[in-house]
Amino acid sequence: MDALTLYVPRNSPIHRLDPLTKMLYVVVSIAAAYLLDNLWEVAAVMLVSFGILLLGKVFRNILPVIALSFLLILSIVIVQGFFNPANETLLYEFGPIKFYKEGLVIALRLTLRVINMVCAFGVLVLTTSPTELVERLQQKGMSPKIGYVILSVLQIIPQLRATYGKIQDAQRSRGMETEGSLFVRIKAFFPLLGPVILNALNDTRERAIALDVRGFDRDTPKTYLNEAKSYRYSTLLNILLLLILAGLIVWRVMG
């Protein structure tokens, strides 16, 4: 994996799909999970995202991101299980603490939706080069400035991670203790935040100067480093995804 992107290069059918098709899948997948109420139906949508990640050979790469969502998922279970107004059926009671079946079902549904959302974005981010995505959007008429913003957002987390690693190595070489118990790691974390943030701001300033020198704000037609690709089945898949979304909306309205 490149240090400045979450993209994982693989030889898979998902990597060869049109980035715009994968963007549309993100929208349809998240919308489908919220248009459906049945727990098993929401789980089926999530399993589709799992299957696409497996087909793209990047399922293992999405697991740490799902793990980071654990605190959010845990808070959903606690809040819904204990405090949802629809709670009626008591599952268990521990002193004054009561956990209800209705809240658990709602929490499970929300959990599946959160995991599906993470996986749907993973399909796009892990199997699509940011440069290819932005160039594809610009070829469709999107402003280069907006493209630059999207590219910066996709790169900010990996870039901060790489910067943090470099500064951590530098501080360790000066005798700063950064490994060991949890307390030691937390103690070392906060002194590193300042240099990381200042370095990120400096990188942003240098990038802005470089873009200005290269005439990024000029209104002249832009050229592309890479030739426009042709994607097989792109139109067919886009139509299929739109039909699925339209069908779900009609089904929800009529139901």
# chains A, B, ... in the order shown; residues from 1 in each chain; ligands from 1
$ residues_around --residues "region 80-90 of chain A" --least-positions-apart "6" --cutoff "7 Å" --atoms "only C-alpha atoms" --output "PyMOL selection string"
chain A and resi 98-104+106-107
$ write_last_selection --atoms "N, CA, C and O atoms" --output "compact mmCIF listing (two decimals), in the first residue's frame"
# COMPACT_ATOMS: atom_id res chain seq x y z
N LYS A 98 -31.39 -2.46 32.99
CA LYS A 98 -32.30 -3.34 32.25
C LYS A 98 -32.00 -3.23 30.75
O LYS A 98 -31.90 -2.13 30.22
N PHE A 99 -31.88 -4.37 30.10
CA PHE A 99 -31.60 -4.42 28.67
C PHE A 99 -32.78 -5.06 27.96
O PHE A 99 -33.25 -6.12 28.36
N TYR A 100 -33.24 -4.40 26.86
CA TYR A 100 -34.48 -4.80 26.21
C TYR A 100 -34.24 -5.36 24.80
O TYR A 100 -33.28 -4.98 24.12
N LYS A 101 -35.16 -6.24 24.39
CA LYS A 101 -35.07 -6.90 23.09
C LYS A 101 -35.22 -5.90 21.94
O LYS A 101 -34.49 -5.95 20.96
N GLU A 102 -36.21 -5.00 22.02
CA GLU A 102 -36.46 -4.04 20.95
C GLU A 102 -35.23 -3.16 20.69
O GLU A 102 -34.86 -2.91 19.54
N GLY A 103 -34.60 -2.71 21.77
CA GLY A 103 -33.41 -1.89 21.62
C GLY A 103 -32.26 -2.66 20.99
O GLY A 103 -31.50 -2.12 20.19
N LEU A 104 -32.16 -3.95 21.34
CA LEU A 104 -31.10 -4.78 20.77
C LEU A 104 -31.29 -4.94 19.26
O LEU A 104 -30.33 -4.86 18.49
N ILE A 106 -32.88 -2.90 17.20
CA ILE A 106 -32.57 -1.62 16.57
C ILE A 106 -31.07 -1.39 16.52
O ILE A 106 -30.52 -0.92 15.51
N ALA A 107 -30.38 -1.74 17.61
CA ALA A 107 -28.93 -1.57 17.66
C ALA A 107 -28.24 -2.46 16.63
O ALA A 107 -27.29 -2.03 15.97
$ select_by_dssp --residues "region 4-232 of chain A" --states "strand (DSSP E)" --output "PyMOL selection string"
chain A and resi 90-94+97-100
$ closest_residue --among "A:Val114, A:Lys57, A:Arg109, A:Asp37" --to "Ser69 (chain A)" --atoms "only C-alpha atoms"
A:Val114
$ residues_around --residues "Ala43 (chain A)" --least-positions-apart "3" --cutoff "12 Å" --atoms "only C-alpha atoms" --output "list of chain:residue names"
A:Ser29, A:Ala32, A:Ala33, A:Tyr34, A:Leu36, A:Asp37, A:Asn38, A:Leu39, A:Trp40, A:Met46, A:Leu47, A:Val48, A:Ser49, A:Phe50, A:Leu108, A:Arg109, A:Leu110, A:Thr111, A:Leu112, A:Arg113, A:Val114, A:Ile115, A:Asn116, A:Met117
$ write_last_selection --atoms "N, CA and C atoms" --output "PDB file, in the first residue's frame"
ATOM      1  N   SER A  29     -25.621   1.325  -2.166  1.00  0.00           N
ATOM      2  CA  SER A  29     -25.476   0.406  -1.043  1.00  0.00           C
ATOM      3  C   SER A  29     -25.916   1.050   0.268  1.00  0.00           C
ATOM      4  N   ALA A  32     -29.696   1.604   0.148  1.00  0.00           N
ATOM      5  CA  ALA A  32     -30.424   0.335   0.289  1.00  0.00           C
ATOM      6  C   ALA A  32     -30.480  -0.105   1.744  1.00  0.00           C
ATOM      7  N   ALA A  33     -29.366   0.067   2.474  1.00  0.00           N
ATOM      8  CA  ALA A  33     -29.337  -0.342   3.876  1.00  0.00           C
ATOM      9  C   ALA A  33     -30.301   0.471   4.727  1.00  0.00           C
ATOM     10  N   TYR A  34     -30.578   1.714   4.326  1.00  0.00           N
ATOM     11  CA  TYR A  34     -31.501   2.556   5.087  1.00  0.00           C
ATOM     12  C   TYR A  34     -32.933   2.461   4.577  1.00  0.00           C
ATOM     13  N   LEU A  36     -34.235  -0.382   3.621  1.00  0.00           N
ATOM     14  CA  LEU A  36     -34.712  -1.677   4.108  1.00  0.00           C
ATOM     15  C   LEU A  36     -34.748  -1.667   5.631  1.00  0.00           C
ATOM     16  N   ASP A  37     -35.806  -2.239   6.201  1.00  0.00           N
ATOM     17  CA  ASP A  37     -35.960  -2.261   7.657  1.00  0.00           C
ATOM     18  C   ASP A  37     -35.691  -3.630   8.261  1.00  0.00           C
ATOM     19  N   ASN A  38     -35.978  -4.688   7.496  1.00  0.00           N
ATOM     20  CA  ASN A  38     -35.785  -6.033   8.013  1.00  0.00           C
ATOM     21  C   ASN A  38     -34.312  -6.300   8.290  1.00  0.00           C
ATOM     22  N   LEU A  39     -34.043  -6.904   9.440  1.00  0.00           N
ATOM     23  CA  LEU A  39     -32.662  -7.133   9.860  1.00  0.00           C
ATOM     24  C   LEU A  39     -31.907  -8.009   8.866  1.00  0.00           C
ATOM     25  N   TRP A  40     -32.548  -9.039   8.356  1.00  0.00           N
ATOM     26  CA  TRP A  40     -31.897  -9.949   7.419  1.00  0.00           C
ATOM     27  C   TRP A  40     -31.642  -9.283   6.075  1.00  0.00           C
ATOM     28  N   MET A  46     -25.133  -5.806   3.491  1.00  0.00           N
ATOM     29  CA  MET A  46     -23.771  -5.782   4.033  1.00  0.00           C
ATOM     30  C   MET A  46     -22.940  -6.934   3.467  1.00  0.00           C
ATOM     31  N   LEU A  47     -23.547  -8.111   3.324  1.00  0.00           N
ATOM     32  CA  LEU A  47     -22.825  -9.262   2.788  1.00  0.00           C
ATOM     33  C   LEU A  47     -22.436  -9.056   1.329  1.00  0.00           C
ATOM     34  N   VAL A  48     -23.250  -8.295   0.589  1.00  0.00           N
ATOM     35  CA  VAL A  48     -22.882  -7.965  -0.791  1.00  0.00           C
ATOM     36  C   VAL A  48     -21.599  -7.146  -0.802  1.00  0.00           C
ATOM     37  N   SER A  49     -21.513  -6.174   0.104  1.00  0.00           N
ATOM     38  CA  SER A  49     -20.278  -5.376   0.207  1.00  0.00           C
ATOM     39  C   SER A  49     -19.101  -6.251   0.603  1.00  0.00           C
ATOM     40  N   PHE A  50     -19.341  -7.183   1.530  1.00  0.00           N
ATOM     41  CA  PHE A  50     -18.284  -8.133   1.902  1.00  0.00           C
ATOM     42  C   PHE A  50     -17.807  -8.920   0.684  1.00  0.00           C
ATOM     43  N   LEU A 108     -28.711  -3.695  16.471  1.00  0.00           N
ATOM     44  CA  LEU A 108     -28.126  -4.593  15.475  1.00  0.00           C
ATOM     45  C   LEU A 108     -28.330  -4.047  14.069  1.00  0.00           C
ATOM     46  N   ARG A 109     -29.515  -3.496  13.799  1.00  0.00           N
ATOM     47  CA  ARG A 109     -29.788  -2.934  12.480  1.00  0.00           C
ATOM     48  C   ARG A 109     -28.864  -1.750  12.201  1.00  0.00           C
ATOM     49  N   LEU A 110     -28.713  -0.871  13.186  1.00  0.00           N
ATOM     50  CA  LEU A 110     -27.828   0.280  13.006  1.00  0.00           C
ATOM     51  C   LEU A 110     -26.369  -0.162  12.864  1.00  0.00           C
ATOM     52  N   THR A 111     -25.988  -1.201  13.608  1.00  0.00           N
ATOM     53  CA  THR A 111     -24.622  -1.721  13.509  1.00  0.00           C
ATOM     54  C   THR A 111     -24.335  -2.250  12.111  1.00  0.00           C
ATOM     55  N   LEU A 112     -25.278  -3.015  11.562  1.00  0.00           N
ATOM     56  CA  LEU A 112     -25.107  -3.537  10.211  1.00  0.00           C
ATOM     57  C   LEU A 112     -25.016  -2.408   9.189  1.00  0.00           C
ATOM     58  N   ARG A 113     -25.784  -1.349   9.403  1.00  0.00           N
ATOM     59  CA  ARG A 113     -25.735  -0.210   8.486  1.00  0.00           C
ATOM     60  C   ARG A 113     -24.392   0.505   8.560  1.00  0.00           C
ATOM     61  N   VAL A 114     -23.855   0.652   9.769  1.00  0.00           N
ATOM     62  CA  VAL A 114     -22.557   1.308   9.924  1.00  0.00           C
ATOM     63  C   VAL A 114     -21.462   0.477   9.253  1.00  0.00           C
ATOM     64  N   ILE A 115     -21.475  -0.837   9.500  1.00  0.00           N
ATOM     65  CA  ILE A 115     -20.459  -1.710   8.891  1.00  0.00           C
ATOM     66  C   ILE A 115     -20.590  -1.707   7.378  1.00  0.00           C
ATOM     67  N   ASN A 116     -21.835  -1.725   6.876  1.00  0.00           N
ATOM     68  CA  ASN A 116     -22.041  -1.680   5.420  1.00  0.00           C
ATOM     69  C   ASN A 116     -21.527  -0.372   4.835  1.00  0.00           C
ATOM     70  N   MET A 117     -21.750   0.732   5.555  1.00  0.00           N
ATOM     71  CA  MET A 117     -21.263   2.027   5.071  1.00  0.00           C
ATOM     72  C   MET A 117     -19.739   2.036   4.975  1.00  0.00           C
TER      73      MET A 117
END
$ residues_around --residues "region 8-16 of chain A" --least-positions-apart "2" --cutoff "9 Å" --atoms "only C-alpha atoms" --output "list of chain:residue names"
A:Met1, A:Asp2, A:Thr5, A:Leu6, A:Asp18, A:Pro19, A:Lys22, A:Ile52, A:Leu53, A:Leu55, A:Gly56, A:Lys57, A:Val58, A:Asn61, A:Val123, A:Val125, A:Leu126, A:Thr127, A:Thr128, A:Ser129, A:Tyr231, A:Arg232
$ write_last_selection --atoms "N, CA, C and O atoms" --output "PDB file, in the first residue's frame"
ATOM      1  N   MET A   1       0.848  -1.204   0.000  1.00  0.00           N
ATOM      2  CA  MET A   1       0.000   0.000   0.000  1.00  0.00           C
ATOM      3  C   MET A   1       0.878   1.247   0.000  1.00  0.00           C
ATOM      4  O   MET A   1       1.795   1.368   0.795  1.00  0.00           O
ATOM      5  N   ASP A   2       0.589   2.178  -0.862  1.00  0.00           N
ATOM      6  CA  ASP A   2       1.331   3.432  -0.934  1.00  0.00           C
ATOM      7  C   ASP A   2       1.144   4.205   0.359  1.00  0.00           C
ATOM      8  O   ASP A   2       0.086   4.255   0.943  1.00  0.00           O
ATOM      9  N   THR A   5      -1.699   6.933   0.198  1.00  0.00           N
ATOM     10  CA  THR A   5      -3.042   6.596  -0.245  1.00  0.00           C
ATOM     11  C   THR A   5      -3.478   5.293   0.396  1.00  0.00           C
ATOM     12  O   THR A   5      -2.642   4.452   0.761  1.00  0.00           O
ATOM     13  N   LEU A   6      -4.785   5.120   0.560  1.00  0.00           N
ATOM     14  CA  LEU A   6      -5.323   3.877   1.093  1.00  0.00           C
ATOM     15  C   LEU A   6      -5.514   2.836  -0.004  1.00  0.00           C
ATOM     16  O   LEU A   6      -5.864   1.698   0.280  1.00  0.00           O
ATOM     17  N   ASP A  18     -15.061   0.963 -13.563  1.00  0.00           N
ATOM     18  CA  ASP A  18     -15.076   2.424 -13.651  1.00  0.00           C
ATOM     19  C   ASP A  18     -15.194   3.017 -12.245  1.00  0.00           C
ATOM     20  O   ASP A  18     -16.072   2.615 -11.467  1.00  0.00           O
ATOM     21  N   PRO A  19     -14.325   3.965 -11.862  1.00  0.00           N
ATOM     22  CA  PRO A  19     -14.451   4.606 -10.540  1.00  0.00           C
ATOM     23  C   PRO A  19     -15.823   5.220 -10.302  1.00  0.00           C
ATOM     24  O   PRO A  19     -16.313   5.214  -9.166  1.00  0.00           O
ATOM     25  N   LYS A  22     -18.171   2.618  -9.105  1.00  0.00           N
ATOM     26  CA  LYS A  22     -17.963   2.305  -7.687  1.00  0.00           C
ATOM     27  C   LYS A  22     -18.510   3.420  -6.793  1.00  0.00           C
ATOM     28  O   LYS A  22     -19.017   3.143  -5.697  1.00  0.00           O
ATOM     29  N   ILE A  52     -17.970  -8.142  -2.496  1.00  0.00           N
ATOM     30  CA  ILE A  52     -17.221  -7.308  -3.439  1.00  0.00           C
ATOM     31  C   ILE A  52     -15.802  -7.076  -2.942  1.00  0.00           C
ATOM     32  O   ILE A  52     -14.838  -7.102  -3.716  1.00  0.00           O
ATOM     33  N   LEU A  53     -15.648  -6.859  -1.634  1.00  0.00           N
ATOM     34  CA  LEU A  53     -14.305  -6.685  -1.063  1.00  0.00           C
ATOM     35  C   LEU A  53     -13.479  -7.959  -1.208  1.00  0.00           C
ATOM     36  O   LEU A  53     -12.275  -7.902  -1.489  1.00  0.00           O
ATOM     37  N   LEU A  55     -13.918 -10.202  -3.576  1.00  0.00           N
ATOM     38  CA  LEU A  55     -13.615 -10.312  -4.998  1.00  0.00           C
ATOM     39  C   LEU A  55     -12.484  -9.369  -5.392  1.00  0.00           C
ATOM     40  O   LEU A  55     -11.684  -9.674  -6.279  1.00  0.00           O
ATOM     41  N   GLY A  56     -12.426  -8.229  -4.712  1.00  0.00           N
ATOM     42  CA  GLY A  56     -11.356  -7.267  -4.977  1.00  0.00           C
ATOM     43  C   GLY A  56     -10.072  -7.553  -4.223  1.00  0.00           C
ATOM     44  O   GLY A  56      -9.097  -6.789  -4.339  1.00  0.00           O
ATOM     45  N   LYS A  57     -10.072  -8.627  -3.416  1.00  0.00           N
ATOM     46  CA  LYS A  57      -8.879  -9.059  -2.666  1.00  0.00           C
ATOM     47  C   LYS A  57      -8.407  -8.006  -1.661  1.00  0.00           C
ATOM     48  O   LYS A  57      -7.200  -7.851  -1.406  1.00  0.00           O
ATOM     49  N   VAL A  58      -9.356  -7.264  -1.083  1.00  0.00           N
ATOM     50  CA  VAL A  58      -8.986  -6.221  -0.121  1.00  0.00           C
ATOM     51  C   VAL A  58      -9.794  -6.353   1.172  1.00  0.00           C
ATOM     52  O   VAL A  58      -9.824  -5.420   1.975  1.00  0.00           O
ATOM     53  N   ASN A  61      -7.976  -5.706   4.335  1.00  0.00           N
ATOM     54  CA  ASN A  61      -7.587  -4.311   4.565  1.00  0.00           C
ATOM     55  C   ASN A  61      -8.700  -3.488   5.194  1.00  0.00           C
ATOM     56  O   ASN A  61      -8.433  -2.424   5.763  1.00  0.00           O
ATOM     57  N   VAL A 123     -14.888  -0.299  -0.700  1.00  0.00           N
ATOM     58  CA  VAL A 123     -14.889  -0.755  -2.096  1.00  0.00           C
ATOM     59  C   VAL A 123     -14.324   0.332  -3.004  1.00  0.00           C
ATOM     60  O   VAL A 123     -13.527   0.059  -3.908  1.00  0.00           O
ATOM     61  N   VAL A 125     -12.488   3.237  -2.000  1.00  0.00           N
ATOM     62  CA  VAL A 125     -11.183   3.776  -1.614  1.00  0.00           C
ATOM     63  C   VAL A 125     -10.065   2.759  -1.775  1.00  0.00           C
ATOM     64  O   VAL A 125      -8.963   3.093  -2.236  1.00  0.00           O
ATOM     65  N   LEU A 126     -10.331   1.495  -1.430  1.00  0.00           N
ATOM     66  CA  LEU A 126      -9.273   0.494  -1.445  1.00  0.00           C
ATOM     67  C   LEU A 126      -8.992  -0.052  -2.837  1.00  0.00           C
ATOM     68  O   LEU A 126      -7.907  -0.594  -3.082  1.00  0.00           O
ATOM     69  N   THR A 127      -9.949   0.063  -3.755  1.00  0.00           N
ATOM     70  CA  THR A 127      -9.758  -0.517  -5.094  1.00  0.00           C
ATOM     71  C   THR A 127      -9.638   0.528  -6.189  1.00  0.00           C
ATOM     72  O   THR A 127      -9.601   0.174  -7.372  1.00  0.00           O
ATOM     73  N   THR A 128      -9.583   1.801  -5.817  1.00  0.00           N
ATOM     74  CA  THR A 128      -9.524   2.874  -6.819  1.00  0.00           C
ATOM     75  C   THR A 128      -8.372   3.817  -6.504  1.00  0.00           C
ATOM     76  O   THR A 128      -8.303   4.362  -5.398  1.00  0.00           O
ATOM     77  N   SER A 129      -7.499   4.018  -7.471  1.00  0.00           N
ATOM     78  CA  SER A 129      -6.433   4.994  -7.304  1.00  0.00           C
ATOM     79  C   SER A 129      -7.032   6.396  -7.212  1.00  0.00           C
ATOM     80  O   SER A 129      -7.867   6.762  -8.042  1.00  0.00           O
ATOM     81  N   TYR A 231     -13.917   1.571 -19.924  1.00  0.00           N
ATOM     82  CA  TYR A 231     -14.288   0.570 -18.931  1.00  0.00           C
ATOM     83  C   TYR A 231     -15.413  -0.309 -19.475  1.00  0.00           C
ATOM     84  O   TYR A 231     -16.452   0.196 -19.910  1.00  0.00           O
ATOM     85  N   ARG A 232     -15.178  -1.618 -19.410  1.00  0.00           N
ATOM     86  CA  ARG A 232     -16.186  -2.554 -19.898  1.00  0.00           C
ATOM     87  C   ARG A 232     -17.346  -2.629 -18.919  1.00  0.00           C
ATOM     88  O   ARG A 232     -17.178  -2.562 -17.705  1.00  0.00           O
TER      89      ARG A 232
END
$ select_by_dssp --residues "region 24-210 of chain A" --states "helix (DSSP H, G or I)" --output "PyMOL selection string"
chain A and resi 24-35+39-55+59-68+70-83+101-127+130-139+144-173+182-210
$ residues_around --residues "Val153 (chain A)" --least-positions-apart "6" --cutoff "12 Å" --atoms "only C-alpha atoms" --output "number ranges by chain"
A: 4-6, 125, 130, 134, 146-147, 159-160, 204
$ write_last_selection --atoms "N, CA, C and O atoms" --output "PDB file, in the first residue's frame"
ATOM      1  N   LEU A   4       0.930   7.286   0.795  1.00  0.00           N
ATOM      2  CA  LEU A   4       0.100   8.476   0.669  1.00  0.00           C
ATOM      3  C   LEU A   4      -1.287   8.162   0.135  1.00  0.00           C
ATOM      4  O   LEU A   4      -1.975   9.052  -0.349  1.00  0.00           O
ATOM      5  N   THR A   5      -1.699   6.933   0.198  1.00  0.00           N
ATOM      6  CA  THR A   5      -3.042   6.596  -0.245  1.00  0.00           C
ATOM      7  C   THR A   5      -3.478   5.293   0.396  1.00  0.00           C
ATOM      8  O   THR A   5      -2.642   4.452   0.761  1.00  0.00           O
ATOM      9  N   LEU A   6      -4.785   5.120   0.560  1.00  0.00           N
ATOM     10  CA  LEU A   6      -5.323   3.877   1.093  1.00  0.00           C
ATOM     11  C   LEU A   6      -5.514   2.836  -0.004  1.00  0.00           C
ATOM     12  O   LEU A   6      -5.864   1.698   0.280  1.00  0.00           O
ATOM     13  N   VAL A 125     -12.488   3.237  -2.000  1.00  0.00           N
ATOM     14  CA  VAL A 125     -11.183   3.776  -1.614  1.00  0.00           C
ATOM     15  C   VAL A 125     -10.065   2.759  -1.775  1.00  0.00           C
ATOM     16  O   VAL A 125      -8.963   3.093  -2.236  1.00  0.00           O
ATOM     17  N   PRO A 130      -6.666   7.186  -6.197  1.00  0.00           N
ATOM     18  CA  PRO A 130      -7.207   8.540  -6.084  1.00  0.00           C
ATOM     19  C   PRO A 130      -6.995   9.381  -7.343  1.00  0.00           C
ATOM     20  O   PRO A 130      -7.868  10.142  -7.745  1.00  0.00           O
ATOM     21  N   VAL A 134     -10.049  11.074  -9.503  1.00  0.00           N
ATOM     22  CA  VAL A 134     -10.165  12.520  -9.723  1.00  0.00           C
ATOM     23  C   VAL A 134     -10.107  12.845 -11.211  1.00  0.00           C
ATOM     24  O   VAL A 134     -10.880  13.681 -11.710  1.00  0.00           O
ATOM     25  N   ILE A 146     -12.286  21.338  -7.204  1.00  0.00           N
ATOM     26  CA  ILE A 146     -13.010  20.335  -6.412  1.00  0.00           C
ATOM     27  C   ILE A 146     -12.256  19.013  -6.439  1.00  0.00           C
ATOM     28  O   ILE A 146     -12.183  18.296  -5.437  1.00  0.00           O
ATOM     29  N   GLY A 147     -11.687  18.686  -7.597  1.00  0.00           N
ATOM     30  CA  GLY A 147     -10.885  17.471  -7.698  1.00  0.00           C
ATOM     31  C   GLY A 147      -9.709  17.489  -6.754  1.00  0.00           C
ATOM     32  O   GLY A 147      -9.375  16.469  -6.140  1.00  0.00           O
ATOM     33  N   GLN A 159      -1.322  10.425   4.804  1.00  0.00           N
ATOM     34  CA  GLN A 159      -0.216  11.382   4.890  1.00  0.00           C
ATOM     35  C   GLN A 159       0.116  11.703   6.349  1.00  0.00           C
ATOM     36  O   GLN A 159       1.288  11.752   6.723  1.00  0.00           O
ATOM     37  N   LEU A 160      -0.919  11.899   7.170  1.00  0.00           N
ATOM     38  CA  LEU A 160      -0.678  12.154   8.589  1.00  0.00           C
ATOM     39  C   LEU A 160      -0.047  10.932   9.255  1.00  0.00           C
ATOM     40  O   LEU A 160       0.819  11.070  10.119  1.00  0.00           O
ATOM     41  N   THR A 204       0.744  21.682   3.524  1.00  0.00           N
ATOM     42  CA  THR A 204      -0.366  22.310   2.812  1.00  0.00           C
ATOM     43  C   THR A 204       0.061  23.630   2.175  1.00  0.00           C
ATOM     44  O   THR A 204      -0.286  23.926   1.023  1.00  0.00           O
TER      45      THR A 204
END
